[in-house]
Structures are given as structure tokens and as C-alpha cells.
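Participant: Please see the structure below; I have some questions.
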Amino acid sequence: MSSNEQLLRSEPILSGRLQDLDFGNLLSALRLGRQYLTLEVYDESGDCTGVVAVKAGRIVSASVDGYTGTEAVRRLLQPRESAEFRVLLQPSEVDIHGEPLGTIAVIHESIMKSEVRALSTRTRVLQGA
């Protein structure tokens, strides 16, 4: 059984709709724990479209729609009105491959700053037109 299959076997400890609790706030809440958790995002047909693994406030891995790492987190932070989420507690023996991407706070802040810069650039271009 692969690590990914192991990850998807535990029962959710929290679930809901992303329109009620957005992805950024959900990640912020998860950074407080020390457990190994996965945050799964499901589309309206019930298919799992994204997974973020978190351990002790650090993002261990992330994937969505073929993207991985920080780019996957960036895409998951975009509004998804009909999406649902599940947070699952993972057994400590699940093998974690690779280095963590970084702390949730630092990655979230970095993504938000880059989004603000991009918006600022688009605004200047529109004002100059």
C-alpha cells in the first residue's frame, strides 16, 4: 500500500464547506496542532481534487489539479464555492517523503504578498491604459 493510500484511510476529524470556512482560515487553524493531518478538498461531484499534508504547523506536501508544492497551496487558496473539505488525523507511522515546504504562516504570507503585488501591477497597467 502506498503512502497516499494510507493517508486517505483515516476518518475525518473535521469536515465542511469551503464557502463557510475558507481554505486560508482552515490552514491557519491547523498550524496550531502538533499532529500529522491531511486537509482534503473535494469538488461538487465528490472527487478529491487537492490534498495538503501538515505536521506540527508545517506544510509537508501539497497537490491539486496536477500542481504540487507552493503552487498547489496558491491554487487551493483561490475561492471554491461548491467545494467541501475534510481534515484527517494521520497515524504517526505514515512515511513522510522529502523536506517540508515550510511553515503554514510563512507560506501563506508569501502567497498573499505575491497576490497583492500582482494585483498592484494589474491596477497600474489599467490606470495607465
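Starting from 1 in every chain, residues are counted up; chains themselves are A, B, ... following the order of the C-alpha cells, and ligands are numbered from 1 as listed.
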Near Val54 (chain A), within 9 Å and counting only C-alpha atoms, which residues show up once chain neighbours fewer than 6 positions away are dropped, as a list in words?

Facilitator: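 Here the qualifying residues turn out to be Leu27, Leu30, Arg31, Arg34, Gln35, Tyr36, Leu37, Thr38, Leu39, Val60, Ser61, Ala62, Pro100 and Ile104 of chain A.
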
Participant: Write the residues of the preceding selection, restricted to all heavy atoms, as an mmCIF file, in the first residue's frame.

Facilitator:
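Result written to selection-v3.cif:
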```
data_model
loop_
_atom_site.group_PDB
_atom_site.id
_atom_site.type_symbol
_atom_site.label_atom_id
_atom_site.label_comp_id
_atom_site.auth_asym_id
_atom_site.auth_seq_id
_atom_site.Cartn_x
_atom_site.Cartn_y
_atom_site.Cartn_z
ATOM 1 N N LEU A 27 -6.334 26.512 7.065
ATOM 2 C CA LEU A 27 -4.893 26.264 7.218
ATOM 3 C C LEU A 27 -4.356 26.937 8.475
ATOM 4 O O LEU A 27 -3.557 26.355 9.203
ATOM 5 C CB LEU A 27 -4.119 26.792 6.004
ATOM 6 C CG LEU A 27 -3.866 25.845 4.855
ATOM 7 C CD1 LEU A 27 -3.035 26.525 3.786
ATOM 8 C CD2 LEU A 27 -3.246 24.548 5.289
ATOM 9 N N LEU A 30 -5.095 24.901 11.452
ATOM 10 C CA LEU A 30 -4.335 23.651 11.509
ATOM 11 C C LEU A 30 -2.896 23.861 11.963
ATOM 12 O O LEU A 30 -2.270 22.942 12.478
ATOM 13 C CB LEU A 30 -4.347 22.955 10.149
ATOM 14 C CG LEU A 30 -5.696 22.469 9.658
ATOM 15 C CD1 LEU A 30 -5.539 21.770 8.318
ATOM 16 C CD2 LEU A 30 -6.361 21.553 10.668
ATOM 17 N N ARG A 31 -2.382 25.059 11.802
ATOM 18 C CA ARG A 31 -0.980 25.293 12.166
ATOM 19 C C ARG A 31 -0.749 25.220 13.669
ATOM 20 O O ARG A 31 0.374 25.085 14.122
ATOM 21 C CB ARG A 31 -0.487 26.621 11.612
ATOM 22 C CG ARG A 31 -1.003 27.804 12.359
ATOM 23 C CD ARG A 31 -0.536 29.080 11.737
ATOM 24 N NE ARG A 31 -1.109 30.157 12.513
ATOM 25 C CZ ARG A 31 -0.617 31.341 12.596
ATOM 26 N NH1 ARG A 31 0.466 31.642 11.931
ATOM 27 N NH2 ARG A 31 -1.203 32.253 13.314
ATOM 28 N N ARG A 34 0.040 19.830 16.660
ATOM 29 C CA ARG A 34 1.309 19.122 16.504
ATOM 30 C C ARG A 34 1.116 17.819 15.728
ATOM 31 O O ARG A 34 2.063 17.169 15.349
ATOM 32 C CB ARG A 34 1.906 18.805 17.880
ATOM 33 C CG ARG A 34 2.061 20.011 18.739
ATOM 34 C CD ARG A 34 3.422 20.587 18.963
ATOM 35 N NE ARG A 34 4.580 19.808 18.673
ATOM 36 C CZ ARG A 34 5.585 20.256 17.911
ATOM 37 N NH1 ARG A 34 5.515 21.440 17.357
ATOM 38 N NH2 ARG A 34 6.641 19.525 17.711
ATOM 39 N N GLN A 35 -0.135 17.420 15.527
ATOM 40 C CA GLN A 35 -0.422 16.150 14.876
ATOM 41 C C GLN A 35 -0.102 16.206 13.381
ATOM 42 O O GLN A 35 0.032 17.261 12.790
ATOM 43 C CB GLN A 35 -1.900 15.779 15.026
ATOM 44 C CG GLN A 35 -2.373 15.669 16.421
ATOM 45 C CD GLN A 35 -2.996 16.958 16.917
ATOM 46 O OE1 GLN A 35 -2.787 18.037 16.365
ATOM 47 N NE2 GLN A 35 -3.766 16.868 17.972
ATOM 48 N N TYR A 36 -0.056 15.017 12.802
ATOM 49 C CA TYR A 36 0.083 14.876 11.358
ATOM 50 C C TYR A 36 -1.330 14.817 10.795
ATOM 51 O O TYR A 36 -2.106 13.917 11.121
ATOM 52 C CB TYR A 36 0.875 13.620 11.024
ATOM 53 C CG TYR A 36 1.134 13.428 9.558
ATOM 54 C CD1 TYR A 36 1.247 14.503 8.686
ATOM 55 C CD2 TYR A 36 1.277 12.164 9.034
ATOM 56 C CE1 TYR A 36 1.488 14.318 7.343
ATOM 57 C CE2 TYR A 36 1.529 11.969 7.694
ATOM 58 C CZ TYR A 36 1.633 13.045 6.855
ATOM 59 O OH TYR A 36 1.871 12.867 5.521
ATOM 60 N N LEU A 37 -1.699 15.816 9.993
ATOM 61 C CA LEU A 37 -3.038 15.942 9.437
ATOM 62 C C LEU A 37 -2.981 16.056 7.927
ATOM 63 O O LEU A 37 -2.004 16.563 7.370
ATOM 64 C CB LEU A 37 -3.726 17.202 9.977
ATOM 65 C CG LEU A 37 -3.822 17.360 11.483
ATOM 66 C CD1 LEU A 37 -4.244 18.779 11.837
ATOM 67 C CD2 LEU A 37 -4.812 16.361 12.053
ATOM 68 N N THR A 38 -4.048 15.632 7.282
ATOM 69 C CA THR A 38 -4.214 15.944 5.870
ATOM 70 C C THR A 38 -5.506 16.726 5.719
ATOM 71 O O THR A 38 -6.504 16.439 6.386
ATOM 72 C CB THR A 38 -4.245 14.698 4.966
ATOM 73 O OG1 THR A 38 -5.219 13.791 5.443
ATOM 74 C CG2 THR A 38 -2.888 14.031 4.912
ATOM 75 N N LEU A 39 -5.459 17.727 4.868
ATOM 76 C CA LEU A 39 -6.615 18.535 4.513
ATOM 77 C C LEU A 39 -6.941 18.186 3.065
ATOM 78 O O LEU A 39 -6.120 18.410 2.178
ATOM 79 C CB LEU A 39 -6.287 20.020 4.665
ATOM 80 C CG LEU A 39 -7.269 21.031 4.101
ATOM 81 C CD1 LEU A 39 -8.669 20.829 4.646
ATOM 82 C CD2 LEU A 39 -6.779 22.440 4.375
ATOM 83 N N VAL A 60 3.881 19.749 4.763
ATOM 84 C CA VAL A 60 4.783 18.675 4.371
ATOM 85 C C VAL A 60 4.707 18.458 2.861
ATOM 86 O O VAL A 60 5.714 18.253 2.199
ATOM 87 C CB VAL A 60 4.434 17.379 5.128
ATOM 88 C CG1 VAL A 60 5.295 16.231 4.666
ATOM 89 C CG2 VAL A 60 4.566 17.589 6.626
ATOM 90 N N SER A 61 3.491 18.506 2.326
ATOM 91 C CA SER A 61 3.295 18.352 0.884
ATOM 92 C C SER A 61 1.947 18.939 0.511
ATOM 93 O O SER A 61 1.076 19.121 1.364
ATOM 94 C CB SER A 61 3.366 16.880 0.468
ATOM 95 O OG SER A 61 2.296 16.162 1.031
ATOM 96 N N ALA A 62 1.789 19.232 -0.771
ATOM 97 C CA ALA A 62 0.521 19.756 -1.280
ATOM 98 C C ALA A 62 0.394 19.386 -2.747
ATOM 99 O O ALA A 62 1.385 19.407 -3.485
ATOM 100 C CB ALA A 62 0.468 21.276 -1.120
ATOM 101 N N PRO A 100 9.777 19.405 4.394
ATOM 102 C CA PRO A 100 8.563 20.235 4.422
ATOM 103 C C PRO A 100 8.737 21.477 3.542
ATOM 104 O O PRO A 100 9.848 21.974 3.365
ATOM 105 C CB PRO A 100 8.438 20.622 5.894
ATOM 106 C CG PRO A 100 9.241 19.613 6.646
ATOM 107 C CD PRO A 100 10.344 19.195 5.715
ATOM 108 N N ILE A 104 3.172 26.948 7.775
ATOM 109 C CA ILE A 104 1.922 27.427 7.183
ATOM 110 C C ILE A 104 1.915 28.948 7.149
ATOM 111 O O ILE A 104 1.569 29.555 6.131
ATOM 112 C CB ILE A 104 0.713 26.882 7.967
ATOM 113 C CG1 ILE A 104 0.605 25.376 7.758
ATOM 114 C CG2 ILE A 104 -0.572 27.596 7.568
ATOM 115 C CD1 ILE A 104 -0.418 24.696 8.648
#
```

Participant: Within 7 Å of Ser10 (chain A), counting only C-alpha atoms, which residues show up once you throw out same-chain ones fewer than 4 positions away? Write them as a list in words, please.

Facilitator: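 After dropping sequence-adjacent residues, the list is Leu88, Leu89 and Gln90 of chain A.
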
Participant: Write out the residues from the selection above, keeping C-alpha atoms, as an mmCIF file, in the first residue's frame.

Facilitator:
```
data_model
loop_
_atom_site.group_PDB
_atom_site.id
_atom_site.type_symbol
_atom_site.label_atom_id
_atom_site.label_comp_id
_atom_site.auth_asym_id
_atom_site.auth_seq_id
_atom_site.Cartn_x
_atom_site.Cartn_y
_atom_site.Cartn_z
ATOM 1 C CA LEU A 88 -7.995 13.733 8.714
ATOM 2 C CA LEU A 89 -5.690 12.748 11.560
ATOM 3 C CA GLN A 90 -2.918 10.541 10.218
#
```

Participant: What does the structure give for the distance between CA of Thr49 (chain A) and CA of Val64 (chain A), in Å to one decimal?

Facilitator: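 Taking CA of Thr49 (chain A) and CA of Val64 (chain A), their separation equals 5.7 Å.
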
Participant: Pick out the closest residue to Ile107 (chain A) from this set: A:Arg86, A:Arg80, A:Arg74, A:Arg17. Count only C-alpha atoms.

Facilitator: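 The closest residue to Ile107 (chain A) is A:Arg74.
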
Participant: Any idea what's packed within 12 Å of Leu101 (chain A), counting only C-alpha atoms, ignoring anything in its chain fewer than 6 positions away? Could you give it as a list in words?

Facilitator: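 In the requested format, the answer is Val52, Ala53, Val54, Lys55, Gly57, Arg58, Ile59, Val60, Ser61, Ala62, Ser63, Thr68, Gly69, Thr70, Glu71, Ala72, Val73, Ile107 and His108 of chain A.
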
Participant: Go ahead and write the selection's residues with all heavy atoms as a short mmCIF file (atom, residue, chain, number, x, y, z; two decimals), in the first residue's frame.

Facilitator:
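Now in out-v5.cif:
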```
data_model
loop_
_atom_site.label_atom_id
_atom_site.label_comp_id
_atom_site.auth_asym_id
_atom_site.auth_seq_id
_atom_site.Cartn_x
_atom_site.Cartn_y
_atom_site.Cartn_z
N VAL A 52 -3.44 18.62 1.17
CA VAL A 52 -2.31 19.27 1.84
C VAL A 52 -2.02 18.47 3.10
O VAL A 52 -2.92 18.21 3.89
CB VAL A 52 -2.62 20.74 2.21
CG1 VAL A 52 -1.48 21.36 2.99
CG2 VAL A 52 -2.92 21.56 0.97
N ALA A 53 -0.77 18.06 3.26
CA ALA A 53 -0.35 17.33 4.47
C ALA A 53 0.37 18.31 5.38
O ALA A 53 1.24 19.07 4.94
CB ALA A 53 0.56 16.18 4.10
N VAL A 54 -0.02 18.31 6.66
CA VAL A 54 0.51 19.26 7.65
C VAL A 54 1.02 18.47 8.86
O VAL A 54 0.35 17.55 9.32
CB VAL A 54 -0.59 20.25 8.10
CG1 VAL A 54 -0.10 21.16 9.19
CG2 VAL A 54 -1.12 21.03 6.92
N LYS A 55 2.19 18.84 9.34
CA LYS A 55 2.74 18.23 10.55
C LYS A 55 3.38 19.32 11.39
O LYS A 55 4.26 20.03 10.92
CB LYS A 55 3.78 17.16 10.18
CG LYS A 55 4.57 16.60 11.34
CD LYS A 55 3.75 15.64 12.16
CE LYS A 55 4.63 14.97 13.20
NZ LYS A 55 4.04 14.82 14.47
N GLY A 57 2.52 22.30 12.29
CA GLY A 57 2.47 23.65 11.76
C GLY A 57 3.24 23.87 10.46
O GLY A 57 3.34 24.98 9.97
N ARG A 58 3.76 22.80 9.88
CA ARG A 58 4.50 22.88 8.62
C ARG A 58 3.73 22.14 7.52
O ARG A 58 3.16 21.08 7.77
CB ARG A 58 5.88 22.27 8.74
CG ARG A 58 6.77 23.00 9.71
CD ARG A 58 8.15 22.37 9.72
NE ARG A 58 9.03 23.08 10.62
CZ ARG A 58 9.68 24.19 10.31
NH1 ARG A 58 9.55 24.71 9.12
NH2 ARG A 58 10.46 24.78 11.19
N ILE A 59 3.76 22.70 6.34
CA ILE A 59 3.18 22.01 5.19
C ILE A 59 4.23 21.02 4.70
O ILE A 59 5.33 21.40 4.30
CB ILE A 59 2.76 23.00 4.09
CG1 ILE A 59 1.64 23.90 4.62
CG2 ILE A 59 2.31 22.22 2.84
CD1 ILE A 59 1.17 24.95 3.64
N VAL A 60 3.88 19.75 4.76
CA VAL A 60 4.78 18.68 4.37
C VAL A 60 4.71 18.46 2.86
O VAL A 60 5.71 18.25 2.20
CB VAL A 60 4.43 17.38 5.13
CG1 VAL A 60 5.30 16.23 4.67
CG2 VAL A 60 4.57 17.59 6.63
N SER A 61 3.49 18.51 2.33
CA SER A 61 3.30 18.35 0.88
C SER A 61 1.95 18.94 0.51
O SER A 61 1.08 19.12 1.36
CB SER A 61 3.37 16.88 0.47
OG SER A 61 2.30 16.16 1.03
N ALA A 62 1.79 19.23 -0.77
CA ALA A 62 0.52 19.76 -1.28
C ALA A 62 0.39 19.39 -2.75
O ALA A 62 1.38 19.41 -3.48
CB ALA A 62 0.47 21.28 -1.12
N SER A 63 -0.82 19.06 -3.15
CA SER A 63 -1.08 18.79 -4.57
C SER A 63 -2.53 19.13 -4.90
O SER A 63 -3.42 18.96 -4.07
CB SER A 63 -0.79 17.32 -4.90
OG SER A 63 -1.67 16.48 -4.21
N THR A 68 1.96 20.83 -7.57
CA THR A 68 2.46 20.40 -6.27
C THR A 68 3.15 21.58 -5.57
O THR A 68 3.39 22.62 -6.18
CB THR A 68 3.47 19.24 -6.41
OG1 THR A 68 4.58 19.68 -7.21
CG2 THR A 68 2.83 18.01 -7.02
N GLY A 69 3.45 21.38 -4.31
CA GLY A 69 4.21 22.37 -3.54
C GLY A 69 3.45 23.66 -3.33
O GLY A 69 2.22 23.69 -3.21
N THR A 70 4.22 24.75 -3.30
CA THR A 70 3.65 26.07 -3.01
C THR A 70 2.61 26.48 -4.05
O THR A 70 1.61 27.11 -3.72
CB THR A 70 4.76 27.12 -2.91
OG1 THR A 70 5.70 26.69 -1.92
CG2 THR A 70 4.23 28.48 -2.51
N GLU A 71 2.83 26.10 -5.32
CA GLU A 71 1.85 26.45 -6.36
C GLU A 71 0.51 25.77 -6.08
O GLU A 71 -0.55 26.36 -6.32
CB GLU A 71 2.37 26.09 -7.74
CG GLU A 71 1.43 26.48 -8.86
CD GLU A 71 1.08 27.97 -8.92
OE1 GLU A 71 1.89 28.82 -8.49
OE2 GLU A 71 -0.01 28.30 -9.42
N ALA A 72 0.54 24.55 -5.57
CA ALA A 72 -0.71 23.87 -5.22
C ALA A 72 -1.42 24.62 -4.09
O ALA A 72 -2.64 24.81 -4.14
CB ALA A 72 -0.42 22.43 -4.81
N VAL A 73 -0.67 25.06 -3.08
CA VAL A 73 -1.28 25.82 -1.98
C VAL A 73 -1.89 27.10 -2.52
O VAL A 73 -3.02 27.47 -2.16
CB VAL A 73 -0.25 26.12 -0.86
CG1 VAL A 73 -0.88 26.98 0.24
CG2 VAL A 73 0.31 24.83 -0.28
N ILE A 107 4.39 30.37 4.38
CA ILE A 107 3.91 30.09 3.01
C ILE A 107 2.67 30.93 2.70
O ILE A 107 2.57 31.55 1.64
CB ILE A 107 3.63 28.59 2.83
CG1 ILE A 107 4.95 27.83 2.83
CG2 ILE A 107 2.84 28.33 1.56
CD1 ILE A 107 4.79 26.34 2.82
N HIS A 108 1.73 30.99 3.64
CA HIS A 108 0.50 31.77 3.44
C HIS A 108 0.84 33.25 3.23
O HIS A 108 0.33 33.90 2.32
CB HIS A 108 -0.43 31.56 4.63
CG HIS A 108 -1.82 32.04 4.39
ND1 HIS A 108 -2.68 32.31 5.41
CD2 HIS A 108 -2.52 32.30 3.27
CE1 HIS A 108 -3.83 32.71 4.93
NE2 HIS A 108 -3.76 32.71 3.63
#
```

Participant: Give the helix (DSSP H, G or I) residues of region 12-85 of chain A, as DSSP finds them on the backbone, and put them as a PyMOL selection string.

Facilitator: chain A and resi 23-30+69-76

Participant: Show me, as an MDAnalysis selection string, the residues that have an atom within 12 Å of Asp20 (chain A) when counting only C-alpha atoms, minus same-chain residues fewer than 5 positions from it.

Facilitator: chainID A and resid 15 25:26 79:85

Participant: Going by DSSP on the backbone, which residues of region 8-98 of chain A come out as strand (DSSP E)? List them as an MDAnalysis selection string.

Facilitator: chainID A and resid 12:17 36:42 48:55 58:64 67:68 84:89

Participant: So that I have them on file, write out the residues from the current selection with N, CA, C and O atoms, as a compact mmCIF listing (two decimals), in the first residue's frame.

Facilitator:
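Once written, result-v2.txt looks like this:
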```txt
# COMPACT_ATOMS: atom_id res chain seq x y z
N PRO A 12 -12.43 11.41 9.02
CA PRO A 12 -12.31 12.87 9.19
C PRO A 12 -12.54 13.29 10.64
O PRO A 12 -13.41 12.76 11.32
N ILE A 13 -11.73 14.25 11.10
CA ILE A 13 -11.96 14.83 12.42
C ILE A 13 -12.68 16.17 12.30
O ILE A 13 -13.18 16.70 13.28
N LEU A 14 -12.74 16.69 11.07
CA LEU A 14 -13.43 17.95 10.78
C LEU A 14 -13.79 17.93 9.31
O LEU A 14 -13.00 17.49 8.47
N SER A 15 -14.99 18.40 8.99
CA SER A 15 -15.39 18.49 7.59
C SER A 15 -16.39 19.62 7.43
O SER A 15 -17.00 20.07 8.40
N GLY A 16 -16.53 20.09 6.21
CA GLY A 16 -17.47 21.17 5.95
C GLY A 16 -17.35 21.71 4.55
O GLY A 16 -16.73 21.09 3.68
N ARG A 17 -17.92 22.88 4.33
CA ARG A 17 -17.89 23.53 3.02
C ARG A 17 -16.92 24.70 3.05
O ARG A 17 -16.90 25.47 4.03
N TYR A 36 -0.06 15.02 12.80
CA TYR A 36 0.08 14.88 11.36
C TYR A 36 -1.33 14.82 10.79
O TYR A 36 -2.11 13.92 11.12
N LEU A 37 -1.70 15.82 9.99
CA LEU A 37 -3.04 15.94 9.44
C LEU A 37 -2.98 16.06 7.93
O LEU A 37 -2.00 16.56 7.37
N THR A 38 -4.05 15.63 7.28
CA THR A 38 -4.21 15.94 5.87
C THR A 38 -5.51 16.73 5.72
O THR A 38 -6.50 16.44 6.39
N LEU A 39 -5.46 17.73 4.87
CA LEU A 39 -6.61 18.53 4.51
C LEU A 39 -6.94 18.19 3.06
O LEU A 39 -6.12 18.41 2.18
N GLU A 40 -8.09 17.58 2.86
CA GLU A 40 -8.50 17.17 1.53
C GLU A 40 -9.62 18.07 1.03
O GLU A 40 -10.51 18.44 1.79
N VAL A 41 -9.58 18.42 -0.25
CA VAL A 41 -10.60 19.26 -0.88
C VAL A 41 -11.31 18.43 -1.94
O VAL A 41 -10.66 17.75 -2.75
N TYR A 42 -12.65 18.50 -1.91
CA TYR A 42 -13.48 17.71 -2.82
C TYR A 42 -14.34 18.64 -3.67
O TYR A 42 -14.86 19.63 -3.16
N CYS A 48 -11.88 13.89 -4.89
CA CYS A 48 -10.81 14.59 -4.18
C CYS A 48 -9.93 15.29 -5.21
O CYS A 48 -9.35 14.66 -6.07
N THR A 49 -9.88 16.63 -5.13
CA THR A 49 -9.11 17.40 -6.10
C THR A 49 -7.82 17.96 -5.54
O THR A 49 -6.95 18.40 -6.30
N GLY A 50 -7.67 17.99 -4.22
CA GLY A 50 -6.46 18.53 -3.63
C GLY A 50 -6.22 17.98 -2.24
O GLY A 50 -7.17 17.66 -1.53
N VAL A 51 -4.93 17.88 -1.89
CA VAL A 51 -4.55 17.38 -0.57
C VAL A 51 -3.35 18.19 -0.07
O VAL A 51 -2.40 18.43 -0.82
N VAL A 52 -3.44 18.62 1.17
CA VAL A 52 -2.31 19.27 1.84
C VAL A 52 -2.02 18.47 3.10
O VAL A 52 -2.92 18.21 3.89
N ALA A 53 -0.77 18.06 3.26
CA ALA A 53 -0.35 17.33 4.47
C ALA A 53 0.37 18.31 5.38
O ALA A 53 1.24 19.07 4.94
N VAL A 54 -0.02 18.31 6.66
CA VAL A 54 0.51 19.26 7.65
C VAL A 54 1.02 18.47 8.86
O VAL A 54 0.35 17.55 9.32
N LYS A 55 2.19 18.84 9.34
CA LYS A 55 2.74 18.23 10.55
C LYS A 55 3.38 19.32 11.39
O LYS A 55 4.26 20.03 10.92
N ARG A 58 3.76 22.80 9.88
CA ARG A 58 4.50 22.88 8.62
C ARG A 58 3.73 22.14 7.52
O ARG A 58 3.16 21.08 7.77
N ILE A 59 3.76 22.70 6.34
CA ILE A 59 3.18 22.01 5.19
C ILE A 59 4.23 21.02 4.70
O ILE A 59 5.33 21.40 4.30
N VAL A 60 3.88 19.75 4.76
CA VAL A 60 4.78 18.68 4.37
C VAL A 60 4.71 18.46 2.86
O VAL A 60 5.71 18.25 2.20
N SER A 61 3.49 18.51 2.33
CA SER A 61 3.30 18.35 0.88
C SER A 61 1.95 18.94 0.51
O SER A 61 1.08 19.12 1.36
N ALA A 62 1.79 19.23 -0.77
CA ALA A 62 0.52 19.76 -1.28
C ALA A 62 0.39 19.39 -2.75
O ALA A 62 1.38 19.41 -3.48
N SER A 63 -0.82 19.06 -3.15
CA SER A 63 -1.08 18.79 -4.57
C SER A 63 -2.53 19.13 -4.90
O SER A 63 -3.42 18.96 -4.07
N VAL A 64 -2.72 19.65 -6.09
CA VAL A 64 -4.05 19.95 -6.61
C VAL A 64 -3.97 20.06 -8.12
O VAL A 64 -3.04 20.69 -8.66
N TYR A 67 -0.71 20.18 -9.87
CA TYR A 67 0.30 21.09 -9.30
C TYR A 67 0.72 20.55 -7.94
O TYR A 67 -0.07 19.93 -7.24
N THR A 68 1.96 20.83 -7.57
CA THR A 68 2.46 20.40 -6.27
C THR A 68 3.15 21.58 -5.57
O THR A 68 3.39 22.62 -6.18
N GLU A 84 -15.94 21.09 -0.84
CA GLU A 84 -16.01 20.66 0.55
C GLU A 84 -14.62 20.24 1.00
O GLU A 84 -13.74 19.99 0.18
N PHE A 85 -14.43 20.18 2.31
CA PHE A 85 -13.13 19.77 2.84
C PHE A 85 -13.30 18.72 3.91
O PHE A 85 -14.37 18.59 4.51
N ARG A 86 -12.23 17.99 4.14
CA ARG A 86 -12.14 17.04 5.24
C ARG A 86 -10.74 17.15 5.83
O ARG A 86 -9.76 17.22 5.09
N VAL A 87 -10.65 17.18 7.13
CA VAL A 87 -9.37 17.14 7.83
C VAL A 87 -9.28 15.77 8.48
O VAL A 87 -10.19 15.35 9.19
N LEU A 88 -8.18 15.08 8.20
CA LEU A 88 -7.99 13.73 8.71
C LEU A 88 -6.74 13.66 9.56
O LEU A 88 -5.69 14.21 9.18
N LEU A 89 -6.83 13.00 10.70
CA LEU A 89 -5.69 12.75 11.56
C LEU A 89 -4.98 11.51 11.02
O LEU A 89 -5.62 10.49 10.78
```

Participant: Could you tell me how far CA of Phe23 (chain A) sits from CA of Leu77 (chain A), in Å to one decimal place?

Facilitator: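 Interatomic distance, CA of Leu77 (chain A) to CA of Phe23 (chain A): 5.6 Å.
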
Participant: Grab the CA of Ala56 (chain A) to CA of Thr103 (chain A) distance for me, in Å with one decimal place.

Facilitator: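 About the pair CA of Ala56 (chain A) and CA of Thr103 (chain A): they are 8.7 Å apart.
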